[in-house]
Amino acid sequence: VQLQASGGGLVQTGGSLRLSCTASVSFFTLNEMGWYRQAPGQQREMVAQITGNGDTWYLDSVKDRFTISRDNANKTLYLQMNSLKSEDTAVYYCGVETMTAAFYYGQGTQVTVSS
């Protein structure tokens, strides 16, 4: 499974970005998909997750600001990020779990929120 993430960049506090992650396989072969982030000196953490039936989960600190969604036809996972804060600065990764419980990360995309 190959994952190609894009959409990161530099944005001011309060701004928005939309991250995209395109998979090399059909979403119907995947179990759960999510976005993760890793700030300098910190462990990678899950930010949002979406299951095969569309159930979502969010890290408390991003609830009501971030929205995860999926486009099955285009094999693309999205993360809409609004009201960005400096503490959202990190490298963001998409990650997927296959039906055989294998897990894959895509390459990261840098998100920098400046005050």
# chains A, B, ... in the order shown; residues from 1 in each chain; ligands from 1
>>> select_by_dssp(residues="chain A", states="strand (DSSP E or B)", output="VMD selection string")
chain A and resid 3 to 6 9 to 12 17 to 23 30 to 38 45 to 50 56 to 58 66 to 71 76 to 81 90 to 98 103 to 105 109 to 114
>>> residues_around(residues="region 60-65 of chain A", least_positions_apart="2", cutoff="7 Å", atoms="only C-alpha atoms", output="NGL selection string")
:A and (58 or 67 or 81-83)
>>> write_last_selection(atoms="all heavy atoms", output="PDB file, in the first residue's frame")
ATOM      1  N   TYR A  58     -11.890  11.861  17.084  1.00  0.00           N
ATOM      2  CA  TYR A  58     -10.974  12.996  17.058  1.00  0.00           C
ATOM      3  C   TYR A  58     -10.250  13.142  18.387  1.00  0.00           C
ATOM      4  O   TYR A  58     -10.822  12.906  19.470  1.00  0.00           O
ATOM      5  CB  TYR A  58     -11.730  14.291  16.776  1.00  0.00           C
ATOM      6  CG  TYR A  58     -12.370  14.361  15.414  1.00  0.00           C
ATOM      7  CD1 TYR A  58     -13.703  14.001  15.234  1.00  0.00           C
ATOM      8  CD2 TYR A  58     -11.638  14.774  14.303  1.00  0.00           C
ATOM      9  CE1 TYR A  58     -14.290  14.047  13.981  1.00  0.00           C
ATOM     10  CE2 TYR A  58     -12.214  14.828  13.045  1.00  0.00           C
ATOM     11  CZ  TYR A  58     -13.539  14.461  12.906  1.00  0.00           C
ATOM     12  OH  TYR A  58     -14.116  14.506  11.650  1.00  0.00           O
ATOM     13  N   THR A  67     -11.928  18.092  10.548  1.00  0.00           N
ATOM     14  CA  THR A  67     -12.911  17.148  10.030  1.00  0.00           C
ATOM     15  C   THR A  67     -12.220  16.160   9.106  1.00  0.00           C
ATOM     16  O   THR A  67     -11.560  16.562   8.136  1.00  0.00           O
ATOM     17  CB  THR A  67     -14.026  17.861   9.265  1.00  0.00           C
ATOM     18  OG1 THR A  67     -14.656  18.827  10.111  1.00  0.00           O
ATOM     19  CG2 THR A  67     -15.068  16.858   8.792  1.00  0.00           C
ATOM     20  N   MET A  81      -8.701  21.271   8.255  1.00  0.00           N
ATOM     21  CA  MET A  81      -8.245  21.849   9.513  1.00  0.00           C
ATOM     22  C   MET A  81      -8.571  23.327   9.533  1.00  0.00           C
ATOM     23  O   MET A  81      -8.081  24.085   8.689  1.00  0.00           O
ATOM     24  CB  MET A  81      -6.727  21.643   9.669  1.00  0.00           C
ATOM     25  CG  MET A  81      -6.288  20.197   9.553  1.00  0.00           C
ATOM     26  SD  MET A  81      -4.540  19.946   9.905  1.00  0.00           S
ATOM     27  CE  MET A  81      -3.810  20.841   8.541  1.00  0.00           C
ATOM     28  N   ASN A  82      -9.425  23.717  10.451  1.00  0.00           N
ATOM     29  CA  ASN A  82      -9.829  25.109  10.605  1.00  0.00           C
ATOM     30  C   ASN A  82      -9.359  25.656  11.952  1.00  0.00           C
ATOM     31  O   ASN A  82      -9.005  24.897  12.848  1.00  0.00           O
ATOM     32  CB  ASN A  82     -11.352  25.231  10.507  1.00  0.00           C
ATOM     33  CG  ASN A  82     -11.893  24.780   9.179  1.00  0.00           C
ATOM     34  OD1 ASN A  82     -11.239  24.909   8.134  1.00  0.00           O
ATOM     35  ND2 ASN A  82     -13.102  24.236   9.187  1.00  0.00           N
ATOM     36  N   SER A  83      -9.378  26.965  12.070  1.00  0.00           N
ATOM     37  CA  SER A  83      -8.999  27.640  13.328  1.00  0.00           C
ATOM     38  C   SER A  83      -7.674  27.099  13.848  1.00  0.00           C
ATOM     39  O   SER A  83      -7.541  26.746  15.030  1.00  0.00           O
ATOM     40  CB  SER A  83     -10.101  27.448  14.377  1.00  0.00           C
ATOM     41  OG  SER A  83     -11.333  27.939  13.916  1.00  0.00           O
TER      42      SER A  83
END
>>> residues_around(residues="Ala90 (chain A)", least_positions_apart="6", cutoff="10 Å", atoms="only C-alpha atoms", output="PyMOL selection string")
chain A and resi 8+36-40+42+44+108-113
>>> write_last_selection(atoms="C-alpha atoms", output="tab-separated table (two decimals), in the first residue's frame")
chain	number	residue	atom	x	y	z
A	8	GLY	CA	0.61	21.03	4.18
A	36	TYR	CA	-1.43	11.37	12.74
A	37	ARG	CA	0.99	14.10	13.64
A	38	GLN	CA	4.39	14.39	15.20
A	39	ALA	CA	5.79	17.61	16.58
A	40	PRO	CA	9.54	18.03	17.18
A	42	GLN	CA	7.25	14.51	20.73
A	44	ARG	CA	3.43	10.63	17.03
A	108	GLY	CA	4.56	13.25	6.10
A	109	THR	CA	3.47	16.73	5.13
A	110	GLN	CA	4.61	19.69	7.20
A	111	VAL	CA	2.04	21.99	8.73
A	112	THR	CA	3.39	25.17	10.30
A	113	VAL	CA	1.10	27.62	12.05
>>> select_by_dssp(residues="chain A", states="helix (DSSP H, G or I)", output="PyMOL selection string")
chain A and resi 27-29+60-62+86-88
>>> closest_residue(among="A:Asn72, A:Gln80, A:Gln107, A:Gln2", to="Tyr93 (chain A)", atoms="only C-alpha atoms")
A:Gln107
>>> atom_distance(atom1="CA of Gly34 (chain A)", atom2="CA of Asn53 (chain A)")
13.5 Å
>>> closest_residue(among="A:Tyr92, A:Tyr78, A:Trp35, A:Phe103", to="Thr22 (chain A)", atoms="only C-alpha atoms")
A:Tyr78
>>> closest_residue(among="A:Cys21, A:Leu84, A:Ala73, A:Met33", to="Thr56 (chain A)", atoms="only C-alpha atoms")
A:Met33
>>> closest_residue(among="A:Leu30, A:Ile68, A:Leu79, A:Ile50", to="Leu17 (chain A)", atoms="only C-alpha atoms")
A:Leu79
>>> closest_residue(among="A:Ser115, A:Thr76, A:Gln12, A:Gln4", to="Ser26 (chain A)", atoms="only C-alpha atoms")
A:Thr76
>>> atom_distance(atom1="CA of Val1 (chain A)", atom2="CA of Gly52 (chain A)")
16.7 Å
>>> residues_around(residues="Ser20 (chain A)", least_positions_apart="6", cutoff="6 Å", atoms="only C-alpha atoms", output="number ranges by chain")
A: 5-6, 77-78
>>> write_last_selection(atoms="C-alpha atoms", output="mmCIF file, in the first residue's frame")
data_model
loop_
_atom_site.group_PDB
_atom_site.id
_atom_site.type_symbol
_atom_site.label_atom_id
_atom_site.label_comp_id
_atom_site.auth_asym_id
_atom_site.auth_seq_id
_atom_site.Cartn_x
_atom_site.Cartn_y
_atom_site.Cartn_z
ATOM 1 C CA ALA A 5 -0.068 12.965 1.352
ATOM 2 C CA SER A 6 -0.201 16.603 0.366
ATOM 3 C CA LEU A 77 -8.595 10.693 2.595
ATOM 4 C CA TYR A 78 -8.960 14.286 3.709
#
>>> closest_residue(among="A:Leu3, A:Gln49, A:Phe28, A:Gln43", to="Val91 (chain A)", atoms="only C-alpha atoms")
A:Gln43
